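A.B. asks: Sharing a structure, written as structure tokens. Questions coming.
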Amino acid sequence: MKKILVLGGRGMLGGQLKGVFGNGAIAWDREECDVLDYRNLARKIKGLGGSLSAVINCAAYNNVDGAETDRQTAFKLNAEFVGELAAICKENGISLVHFSSNYVFDGRLGEYSESDRPNPESVYAQSKFQGEQELQKNGGNFYLVRTAVLFGPKGESPKAKPSFVDLMLDLSKKADTIKAVSDEINSITYARDLAAAVKTLLEEKYPYGIYHLVNSGCASWYELAGEIFRIAGKTANLVPIHSSEYPRPARRPQKSVLLNTKFPPLRPWREALREYMQRN
Ligand SMILES: NC(=O)c1ccc[n+]([C@@H]2O[C@H](COP(=O)([O-])OP(=O)(O)OC[C@H]3O[C@@H](n4cnc5c(N)ncnc54)[C@H](OP(=O)(O)O)[C@@H]3O)[C@@H](O)[C@H]2O)c1
């Protein structure tokens with residue numbers, strides 16, 4: 001049976017993909033192959049011969065604020081590399097799954113379907129959108145999956161950062177009052193549910209193209225934090241704040257909810273959050 005290759009296998013989503021594909025997956029991260037060494041990457045993928053059915057790319061530059069001052073790294077990994085990978089996959093007749101972000105939208109419309117036009121505002125968002133364009137320009141058979149606000153077990157990479165869920169739980173042990181932004185609204189996604197949906201996309205041979213894969217519903221950071229504390233039974237003093245009271249280098253969309261119109265809806269985010277918190 002053919003295998004899938006996960007790039008960025010020690011990240012949050014990569015870890016969940018390894019879990020859902022089990023023995024059907026080969027996973028590489030920085031140690032096995034620096035994806036920015038395109039010649040080596042092409043050679044290694046070619047070396048797997050006809051044994052691969054798909055590459056799933058989770059390698060990305062995800063520091064939204066860091067990208068404002070590290071533009072070159074963000075564009076190299078989120079855009080240039082994606083074009084190179086798309087060309088390598090096309091040349092070898094392998095399908096490619098790549099992930100983009102709800103931040104490619106400016107947030108003025110609030111809810112976005114797969115065919116809505118991105119208008120990225122931060123450097124991170126611009127780099128992710130350019131990656132989408134490189135994929136579409138160079139790609140053969142690809143799934144471009146936009147997702148948003150991932151939570152799940154921290155990746156195995158030494159540089160992996162905890163998700164908002166674990167950050168809030170940690171903060172609740174240290175602080176009496178926790179402030180959370182109440183006027184930025186996003187879709188929310190359990191990495192495990194996303195990984196399972198990607199497996200279905202590939203196994204059931206959904207048509208190639210753009211997909212919005214997120215748990216159903218949406219929330220502000222304040223609502224998300226409130227639900228985390230409710231499930232955890234914590235009595236943290238949670239205070240809603242306006243985004244202007246929490247200035248960050250990168251501009252975020254005010255409301256960027258991804259509408260999934262092409263794939264069976266994923267369960268509501270509250271249900272997924274409860275399962276994650278009970279498992280961990
Ligand atoms: N996390 C979110 O909330 C979110 C939201 C929307 C979209 N997405 C998208 O979803 C996808 C998966 O995100 P994620 O949160 O799982 O990412 P992640 O945890 O940051 O994992 C990315 C992995 O890629 C590795 N990597 C980075 N540069 C590499 C290189 N040059 N060569 C080989 N490996 C390299 C990283 O290693 P190091 O740790 O050593 O750098 C890390 O293990 C990404 O495309 C991301 O943009 C994520």
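The chains in the structure tokens are called A, B, ... from first to last as shown; in each chain the residues are counted from 1, and the ligands are counted from 1 in the order shown.
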Enumerate the residues of stretch 108-194 of chain A with a DSSP assignment of strand (DSSP E or B), computed from the backbone, and present them as a list of chain:residue names.
C.D. replies: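 Across stretch 108-194 of chain A, those assigned strand (DSSP E or B) are A:Gly110, A:Glu111, A:Tyr112, A:Phe142, A:Tyr143, A:Leu144, A:Val145, A:Arg146, A:Thr147, A:Leu150, A:Phe151, A:Thr177, A:Ile178, A:Lys179, A:Ala180, A:Val181, A:Ile185, A:Asn186, A:Thr189, A:Tyr190.
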A.B. asks: Please report as a tab-separated table every residue of chain A lying within 7 Å of ligand 1, along with the nearest atom pair and their distance in Å (one decimal), using only C-alpha atoms and all ligand atoms.
C.D. replies:
residue	atom	partner	partner_atom_place_in_ligand_line	distance
A:Leu7	CA	ligand 1	34 (N)	6.5
A:Gly8	CA	ligand 1	24 (O)	3.5
A:Gly9	CA	ligand 1	43 (O)	5.9
A:Arg10	CA	ligand 1	43 (O)	4.1
A:Gly11	CA	ligand 1	21 (O)	3.3
A:Met12	CA	ligand 1	16 (O)	3.8
A:Leu13	CA	ligand 1	16 (O)	3.6
A:Gly14	CA	ligand 1	16 (O)	5.6
A:Asp29	CA	ligand 1	34 (N)	4.3
A:Arg30	CA	ligand 1	33 (C)	3.6
A:Cys33	CA	ligand 1	33 (C)	5.8
A:Asp34	CA	ligand 1	32 (N)	3.6
A:Val35	CA	ligand 1	32 (N)	4.0
A:Leu36	CA	ligand 1	31 (N)	5.0
A:Asn57	CA	ligand 1	45 (O)	6.9
A:Cys58	CA	ligand 1	12 (C)	4.3
A:Ala59	CA	ligand 1	24 (O)	3.3
A:Ala60	CA	ligand 1	45 (O)	4.9
A:Tyr61	CA	ligand 1	27 (C)	6.3
A:Asn62	CA	ligand 1	47 (O)	5.3
A:Leu77	CA	ligand 1	28 (N)	6.8
A:His98	CA	ligand 1	45 (O)	6.6
A:Phe99	CA	ligand 1	45 (O)	4.3
A:Ser100	CA	ligand 1	7 (C)	5.1
A:Ser101	CA	ligand 1	7 (C)	4.1
A:Asn102	CA	ligand 1	6 (C)	6.3
A:Arg146	CA	ligand 1	7 (C)	6.5
A:Thr147	CA	ligand 1	6 (C)	4.8
A:Ala148	CA	ligand 1	6 (C)	4.0
A:Val149	CA	ligand 1	3 (O)	3.7
A:Leu150	CA	ligand 1	3 (O)	3.9
A:Phe151	CA	ligand 1	3 (O)	6.8
A:Gly155	CA	ligand 1	19 (O)	5.6
A:Ser157	CA	ligand 1	39 (O)	4.8
A:Pro158	CA	ligand 1	39 (O)	6.3
A:Lys159	CA	ligand 1	39 (O)	4.4
A:Ala160	CA	ligand 1	39 (O)	5.1
A.B. asks: Near A:Phe129, within 8 Å and counting only C-alpha atoms, which residues show up once chain neighbours fewer than 6 positions away are dropped, as a ChimeraX atom specification?
C.D. replies: /A:79,100,104,118,120
A.B. asks: Let's have the selection written as a PDB file, in the first residue's frame, with C-alpha atoms.
C.D. replies:
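selection.pdb was written with the following content:
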ATOM      1  CA  ALA A  79       5.568  31.008  -0.171  1.00  0.00           C
ATOM      2  CA  SER A 100      -3.248  28.063   4.706  1.00  0.00           C
ATOM      3  CA  VAL A 104      -5.564  35.543   4.418  1.00  0.00           C
ATOM      4  CA  PRO A 118      -8.311  36.877   0.108  1.00  0.00           C
ATOM      5  CA  PRO A 120      -4.154  39.614   3.477  1.00  0.00           C
TER       6      PRO A 120
END
A.B. asks: Might you pull out every residue within 6 Å of A:Pro268, with only C-alpha atoms counted and same-chain residues fewer than 3 positions away left off, and present them as a list in words?
C.D. replies: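 Here the qualifying residues turn out to be Asn215, Ser216, Gly217 and Glu271 of chain A.
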